[in-house]
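Structure below is entry_11.txt: compact mmCIF, C-alpha atoms and all ligand atoms.
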```
# COMPACT_ATOMS: atom_id res chain seq x y z
CA MET A 1 0.00 0.00 0.00
CA THR A 2 1.51 3.35 -1.07
CA ASP A 3 1.05 6.60 0.86
CA ASN A 4 -1.46 8.16 -1.53
CA GLN A 5 -3.91 5.23 -1.44
CA PRO A 6 -6.67 5.40 1.18
CA GLU A 7 -6.88 2.64 3.76
CA PRO A 8 -9.57 0.14 2.81
CA THR A 9 -12.56 0.47 5.08
CA VAL A 10 -14.54 -2.46 6.42
CA PRO A 11 -18.08 -1.48 7.46
CA THR A 12 -18.66 -2.19 11.14
CA GLU A 13 -21.95 -0.27 11.52
CA ASP A 14 -25.22 -1.73 10.21
CA PRO A 15 -26.16 0.73 7.42
CA ARG A 16 -29.86 -0.16 7.40
CA PRO A 17 -32.28 2.48 8.66
CA ASP A 18 -34.33 1.67 11.77
CA GLY A 19 -38.00 0.83 11.66
CA LEU A 20 -38.13 -0.81 8.22
CA ARG A 21 -41.62 -1.98 7.28
CA ARG A 22 -42.84 -4.75 5.04
CA ALA A 23 -44.39 -3.77 1.69
CA ASP A 24 -47.25 -5.69 0.11
CA SER A 25 -45.41 -5.58 -3.22
CA LEU A 26 -42.76 -3.62 -5.08
CA VAL A 27 -42.23 -2.08 -8.49
CA ILE A 28 -38.66 -2.50 -9.72
CA VAL A 29 -37.26 -0.78 -12.81
CA ASN A 30 -33.97 -1.85 -14.43
CA THR A 31 -32.98 0.78 -16.95
CA GLY A 32 -29.86 2.42 -18.46
CA ASN A 33 -27.55 1.65 -21.35
CA GLY A 34 -25.41 -1.01 -19.69
CA LYS A 35 -25.88 -4.75 -19.88
CA GLY A 36 -27.78 -6.53 -17.13
CA LYS A 37 -31.36 -5.19 -17.15
CA SER A 38 -33.09 -8.35 -18.31
CA SER A 39 -30.63 -10.74 -16.69
CA ALA A 40 -31.28 -9.04 -13.32
CA ALA A 41 -35.03 -9.41 -13.89
CA PHE A 42 -34.59 -13.12 -14.54
CA GLY A 43 -32.52 -13.34 -11.36
CA VAL A 44 -35.62 -12.10 -9.51
CA MET A 45 -37.66 -14.68 -11.42
CA VAL A 46 -35.45 -17.41 -9.93
CA ARG A 47 -35.89 -16.01 -6.42
CA ALA A 48 -39.67 -15.87 -6.83
CA LEU A 49 -39.79 -19.45 -8.14
CA ALA A 50 -37.73 -20.54 -5.14
CA ARG A 51 -40.58 -19.18 -2.96
CA ASP A 52 -43.17 -21.08 -5.01
CA TRP A 53 -44.68 -17.87 -6.36
CA ASN A 54 -46.67 -17.80 -9.56
CA VAL A 55 -44.61 -15.90 -12.10
CA ALA A 56 -45.55 -14.38 -15.44
CA VAL A 57 -43.17 -12.92 -17.99
CA VAL A 58 -44.34 -10.68 -20.81
CA GLN A 59 -41.65 -9.86 -23.33
CA PHE A 60 -41.97 -6.97 -25.74
CA ILE A 61 -39.97 -5.93 -28.80
CA LYS A 62 -37.68 -8.92 -29.12
CA SER A 63 -38.90 -11.89 -31.08
CA GLY A 64 -39.87 -15.13 -29.37
CA ASP A 65 -36.73 -16.93 -30.53
CA TRP A 66 -34.31 -14.36 -29.08
CA ASN A 67 -34.11 -14.94 -25.33
CA VAL A 68 -34.29 -18.70 -25.70
CA GLY A 69 -32.25 -19.43 -22.55
CA GLU A 70 -34.45 -17.86 -19.91
CA GLU A 71 -37.66 -18.74 -21.72
CA LYS A 72 -36.71 -22.39 -21.97
CA LEU A 73 -35.87 -22.62 -18.28
CA GLY A 74 -38.79 -20.43 -17.20
CA ARG A 75 -41.36 -22.52 -19.03
CA ARG A 76 -39.85 -25.68 -17.62
CA LEU A 77 -40.26 -24.21 -14.12
CA GLY A 78 -43.89 -23.27 -14.71
CA VAL A 79 -43.56 -19.60 -15.61
CA ASP A 80 -46.43 -18.25 -17.74
CA TRP A 81 -44.45 -16.88 -20.64
CA HIS A 82 -45.83 -14.49 -23.25
CA SER A 83 -43.85 -13.02 -26.13
CA PHE A 84 -45.15 -10.01 -28.01
CA GLY A 85 -42.01 -9.06 -29.85
CA ASP A 86 -41.42 -8.85 -33.56
CA GLY A 87 -37.67 -8.60 -33.35
CA PHE A 88 -35.58 -5.49 -33.73
CA THR A 89 -37.44 -2.48 -35.12
CA TRP A 90 -34.67 -1.95 -37.69
CA ASP A 91 -35.43 -5.37 -39.19
CA SER A 92 -39.14 -4.65 -39.47
CA ASP A 93 -40.91 -4.38 -42.81
CA ASP A 94 -43.98 -2.78 -41.30
CA LEU A 95 -43.69 -0.86 -38.04
CA SER A 96 -47.47 -0.45 -37.76
CA ASN A 97 -47.63 -4.22 -37.31
CA ASP A 98 -45.00 -4.06 -34.56
CA LYS A 99 -46.93 -1.28 -32.87
CA ALA A 100 -50.21 -3.19 -33.00
CA HIS A 101 -48.54 -6.33 -31.68
CA ALA A 102 -46.91 -4.39 -28.84
CA ALA A 103 -50.24 -2.76 -27.92
CA GLU A 104 -51.87 -6.20 -27.94
CA GLY A 105 -49.08 -7.39 -25.65
CA TRP A 106 -49.66 -4.52 -23.26
CA ALA A 107 -53.41 -5.25 -23.15
CA ARG A 108 -52.58 -8.86 -22.26
CA ALA A 109 -50.08 -7.73 -19.62
CA VAL A 110 -52.76 -5.52 -18.04
CA GLU A 111 -55.14 -8.49 -17.88
CA ILE A 112 -52.42 -10.56 -16.21
CA ILE A 113 -51.66 -7.84 -13.67
CA ASP A 114 -55.35 -7.20 -12.90
CA ALA A 115 -56.10 -10.90 -12.48
CA GLY A 116 -53.73 -11.04 -9.52
CA HIS A 117 -52.90 -14.69 -10.09
CA HIS A 118 -49.15 -14.02 -10.11
CA GLN A 119 -47.07 -12.60 -7.27
CA LEU A 120 -44.44 -11.56 -9.83
CA VAL A 121 -44.98 -10.13 -13.29
CA ILE A 122 -41.87 -9.34 -15.34
CA LEU A 123 -42.41 -6.82 -18.14
CA ASP A 124 -39.24 -7.25 -20.19
CA GLU A 125 -38.34 -4.38 -22.57
CA LEU A 126 -41.57 -2.58 -21.64
CA THR A 127 -40.01 0.90 -21.59
CA TYR A 128 -39.78 1.00 -25.39
CA LEU A 129 -43.57 0.93 -25.79
CA SER A 130 -43.79 4.47 -24.45
CA SER A 131 -40.44 5.74 -25.75
CA PHE A 132 -41.41 4.68 -29.31
CA GLY A 133 -44.78 6.41 -28.81
CA TRP A 134 -46.65 3.14 -29.22
CA VAL A 135 -48.47 3.19 -25.87
CA ASP A 136 -49.22 6.27 -23.81
CA ILE A 137 -47.14 6.36 -20.63
CA GLY A 138 -50.28 7.03 -18.59
CA ASP A 139 -51.79 3.81 -19.92
CA ILE A 140 -48.68 2.01 -18.67
CA THR A 141 -48.38 3.58 -15.22
CA ALA A 142 -52.10 3.51 -14.31
CA PRO A 143 -52.56 -0.29 -14.34
CA ILE A 144 -49.24 -0.77 -12.54
CA ALA A 145 -50.27 1.75 -9.86
CA ALA A 146 -53.73 0.11 -9.55
CA ARG A 147 -52.40 -3.47 -9.40
CA PRO A 148 -53.64 -5.92 -6.78
CA ARG A 149 -51.57 -5.26 -3.65
CA HIS A 150 -49.64 -8.52 -3.72
CA VAL A 151 -48.45 -8.25 -7.35
CA ASN A 152 -44.78 -7.36 -7.70
CA ILE A 153 -43.67 -5.87 -10.99
CA VAL A 154 -40.25 -5.77 -12.66
CA VAL A 155 -39.84 -3.56 -15.72
CA THR A 156 -36.77 -3.54 -17.95
CA GLY A 157 -35.59 -1.40 -20.85
CA ARG A 158 -33.57 1.72 -21.60
CA ASP A 159 -34.83 5.28 -21.08
CA ALA A 160 -37.46 4.56 -18.44
CA ALA A 161 -39.96 7.43 -18.50
CA PRO A 162 -39.92 9.81 -15.50
CA GLU A 163 -43.53 8.81 -14.73
CA LEU A 164 -42.45 5.19 -14.41
CA VAL A 165 -39.43 6.13 -12.30
CA ASP A 166 -41.75 8.14 -10.00
CA LEU A 167 -44.06 5.19 -9.56
CA ALA A 168 -41.32 2.62 -8.91
CA ASP A 169 -39.95 1.72 -5.50
CA THR A 170 -36.51 0.73 -6.77
CA VAL A 171 -34.88 2.00 -9.94
CA THR A 172 -31.45 0.87 -11.07
CA GLU A 173 -29.61 2.44 -13.95
CA MET A 174 -27.14 0.03 -15.52
CA ARG A 175 -24.18 2.09 -16.68
CA ASP A 176 -22.24 0.98 -19.73
CA VAL A 177 -18.61 0.92 -18.57
CA LYS A 178 -17.58 -1.36 -21.41
CA HIS A 179 -19.23 -4.05 -23.49
CA ALA A 180 -17.65 -6.87 -25.49
CA TYR A 181 -19.84 -5.86 -28.44
CA ASN A 182 -17.79 -2.70 -28.89
CA ALA A 183 -14.67 -4.85 -29.27
CA GLY A 184 -16.43 -6.67 -32.11
CA ILE A 185 -17.58 -9.65 -30.06
CA ARG A 186 -21.02 -11.02 -30.88
CA ALA A 187 -23.69 -12.00 -28.38
CA MET A 188 -22.82 -15.29 -26.71
CA ARG A 189 -25.19 -18.16 -26.02
CA GLY A 190 -25.25 -18.94 -22.30
CA ILE A 191 -24.16 -15.40 -21.44
CA ASP A 192 -26.31 -13.02 -23.46
CA TYR A 193 -29.28 -15.24 -24.22
P1 LIG B 201 -29.10 -8.64 -20.69
O1 LIG B 201 -30.28 -9.34 -21.33
O2 LIG B 201 -27.82 -9.29 -21.09
O3 LIG B 201 -29.27 -8.43 -19.22
P2 LIG B 201 -29.98 -5.96 -21.18
O4 LIG B 201 -31.35 -6.45 -20.91
O5 LIG B 201 -29.39 -4.99 -20.21
O6 LIG B 201 -29.00 -7.19 -21.35
P3 LIG B 201 -30.84 -5.14 -23.82
O7 LIG B 201 -30.87 -3.72 -24.21
O8 LIG B 201 -32.15 -5.81 -23.55
O9 LIG B 201 -29.84 -5.28 -22.58
O10 LIG B 201 -30.06 -5.92 -24.92
C1 LIG B 201 -29.84 -7.29 -24.84
C2 LIG B 201 -28.67 -7.72 -25.67
O11 LIG B 201 -27.86 -6.61 -26.03
C3 LIG B 201 -27.73 -8.65 -24.93
O12 LIG B 201 -27.15 -9.51 -25.87
C4 LIG B 201 -26.71 -7.75 -24.34
O13 LIG B 201 -25.43 -8.33 -24.10
C5 LIG B 201 -26.60 -6.70 -25.40
N1 LIG B 201 -26.25 -5.42 -24.76
C6 LIG B 201 -26.71 -4.94 -23.59
N2 LIG B 201 -26.13 -3.76 -23.29
C7 LIG B 201 -25.30 -3.49 -24.31
C8 LIG B 201 -24.38 -2.42 -24.61
N3 LIG B 201 -24.22 -1.40 -23.78
N4 LIG B 201 -23.68 -2.49 -25.78
C9 LIG B 201 -23.84 -3.54 -26.63
N5 LIG B 201 -24.68 -4.56 -26.40
C10 LIG B 201 -25.39 -4.56 -25.26
MG MG B 202 -33.07 -6.61 -21.96
```
Kindly return the structure encoded in the file as structure tokens.
Amino acid sequence: MTDNQPEPTVPTEDPRPDGLRRADSLVIVNTGNGKGKSSAAFGVMVRALARDWNVAVVQFIKSGDWNVGEEKLGRRLGVDWHSFGDGFTWDSDDLSNDKAHAAEGWARAVEIIDAGHHQLVILDELTYLSSFGWVDIGDITAPIAARPRHVNIVVTGRDAAPELVDLADTVTEMRDVKHAYNAGIRAMRGIDY
């Protein structure tokens, strides 16, 4: 250790505030440009399954054959899995189709949330529906705010709208420090999907 480096500190005080209370459910948002938004959501999926919760996943934007890893495992473990993606928008021949499909997906997601059958509903890549102007942000936040009290929600996607951030209990912004893609490395099976 040289003179100009600070001494490492080991926390000895419990940093948690006093008087923590239990919530009926939480809204979690994983946003930002860095990698890890969806993988963190599927980490929560695993925790929920470990508690024998009913879990639903609704995936937007990406096509059904993209996230094969988590879908394959999720379905095997009893997750109700719904894909409403048409693949990347830049590959689309007709964006009005993508928009209609996304809106249909959101209507289905609202039914799932309202039904209250699942303790965890993951809305993967949901943020793009409002940032592309496909679904009004108010039509996204209202059903989440009005959800049955025991329904936890995880939303992923870049550029989470301020209205969604306001509504959420926990918001994490993944920051892109570096990504293999920028060194010319393609997405890897088992790591990226
Ligand atoms: P993951 O699914 O790996 O958690 P993510 O949900 O944060 O990633 P998305 O925007 O949904 O990110 O994109 C998913 C795909 O794009 C993954 O293959 C991921 O590795 C890749 N990716 C994520 N962030 C970046 C980035 N900053 N630069 C390049 N590729 C990225
Ligand atoms: Mg993602």
For this session: Within 8 Å of ligand MG 202 (chain B), which residues show up when you count all atoms listed in the file? List them as an MDAnalysis selection string, please.
Result: chainID A and resid 35:39 124:125 156:157
Counting all atoms listed in the file, which residues of chain A sit at most 9 Å from some atom of ligand LIG 201 (chain B), and what is each one's closest atom pair with its distance in Å to one decimal, listed by chain and rising residue number, as a Markdown table?
```
| residue | atom | partner | partner_atom | distance |
| --- | --- | --- | --- | --- |
| A:Asn30 | CA | B:LIG201 | O5 | 8.0 |
| A:Thr31 | CA | B:LIG201 | O5 | 7.5 |
| A:Gly32 | CA | B:LIG201 | O5 | 7.6 |
| A:Asn33 | CA | B:LIG201 | N3 | 5.1 |
| A:Gly34 | CA | B:LIG201 | N3 | 4.3 |
| A:Lys35 | CA | B:LIG201 | O5 | 3.5 |
| A:Gly36 | CA | B:LIG201 | O3 | 3.2 |
| A:Lys37 | CA | B:LIG201 | O5 | 3.6 |
| A:Ser38 | CA | B:LIG201 | O4 | 3.7 |
| A:Ser39 | CA | B:LIG201 | O3 | 3.7 |
| A:Ala40 | CA | B:LIG201 | O3 | 6.3 |
| A:Ala41 | CA | B:LIG201 | O3 | 7.9 |
| A:Phe42 | CA | B:LIG201 | O3 | 8.5 |
| A:Lys62 | CA | B:LIG201 | O8 | 8.4 |
| A:Asn67 | CA | B:LIG201 | O1 | 7.9 |
| A:Asp124 | CA | B:LIG201 | O4 | 8.0 |
| A:Glu125 | CA | B:LIG201 | O8 | 6.4 |
| A:Thr156 | CA | B:LIG201 | O4 | 6.8 |
| A:Gly157 | CA | B:LIG201 | O8 | 6.2 |
| A:Arg158 | CA | B:LIG201 | O7 | 6.6 |
| A:Met174 | CA | B:LIG201 | O5 | 7.2 |
| A:Arg175 | CA | B:LIG201 | N3 | 7.9 |
| A:Asp176 | CA | B:LIG201 | N3 | 5.1 |
| A:Val177 | CA | B:LIG201 | N3 | 8.0 |
| A:Lys178 | CA | B:LIG201 | N3 | 7.1 |
| A:His179 | CA | B:LIG201 | N4 | 5.2 |
| A:Ala180 | CA | B:LIG201 | C9 | 7.1 |
| A:Tyr181 | CA | B:LIG201 | C9 | 5.0 |
| A:Asn182 | CA | B:LIG201 | C9 | 6.5 |
| A:Arg186 | CA | B:LIG201 | O12 | 8.1 |
| A:Ala187 | CA | B:LIG201 | O12 | 4.9 |
| A:Met188 | CA | B:LIG201 | O12 | 7.3 |
| A:Arg189 | CA | B:LIG201 | O12 | 8.9 |
| A:Ile191 | CA | B:LIG201 | O2 | 7.1 |
| A:Asp192 | CA | B:LIG201 | O12 | 4.3 |
| A:Tyr193 | CA | B:LIG201 | O12 | 6.3 |
```
For this session: Please provide as a VMD selection string all residues within 12 Å of segment 45-58 of chain A, with the sequence filter that same-chain residues fewer than 2 positions apart are discarded (counting all atoms listed in the file).
Result: chain A and resid 38 to 43 60 to 64 67 70 to 71 73 to 85 102 104 to 113 115 to 126 150 to 156
How big is the axis-aligned box around all listed atoms of segment 19-35 of chain A once 4 Å goes on each side, and where's its centre, in Å to one decimal, as JSON?
```
{"center_x": -36.3, "center_y": -1.6, "center_z": -4.8, "size_x": 29.8, "size_y": 16.1, "size_z": 41.0}
```
Exercise. Hey, which of A:Asp86, A:Asp114, A:Arg16, A:Val29 ends up closest to Arg147 of chain A? Count only C-alpha atoms.
Worked result: A:Asp114
Exercise. By how many Å are atom CA of Gly133 of chain A and atom CA of Ala145 of chain A apart?
Worked result: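 Computing it gives 20.3 Å between the two atoms.
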Exercise. To one decimal place, how far is atom CA of Ile144 of chain A from atom CA of Phe132 of chain A in Å?
Worked result: 19.3 Å
At a cut-off of 9 Å, using only C-alpha atoms, what residues contact Asp169 of chain A? Leave out same-chain residues fewer than 6 positions from it and give the result as a CSV table (one decimal) with C-alpha atoms, in the coordinates of the input.
```
chain,number,residue,atom,x,y,z
A,26,LEU,CA,-42.8,-3.6,-5.1
A,27,VAL,CA,-42.2,-2.1,-8.5
A,28,ILE,CA,-38.7,-2.5,-9.7
A,29,VAL,CA,-37.3,-0.8,-12.8
```
Problem set entry | Between atom CA of Leu164 of chain A and atom CA of Arg22 of chain A - distance in Å to one decimal | 21.8 Å
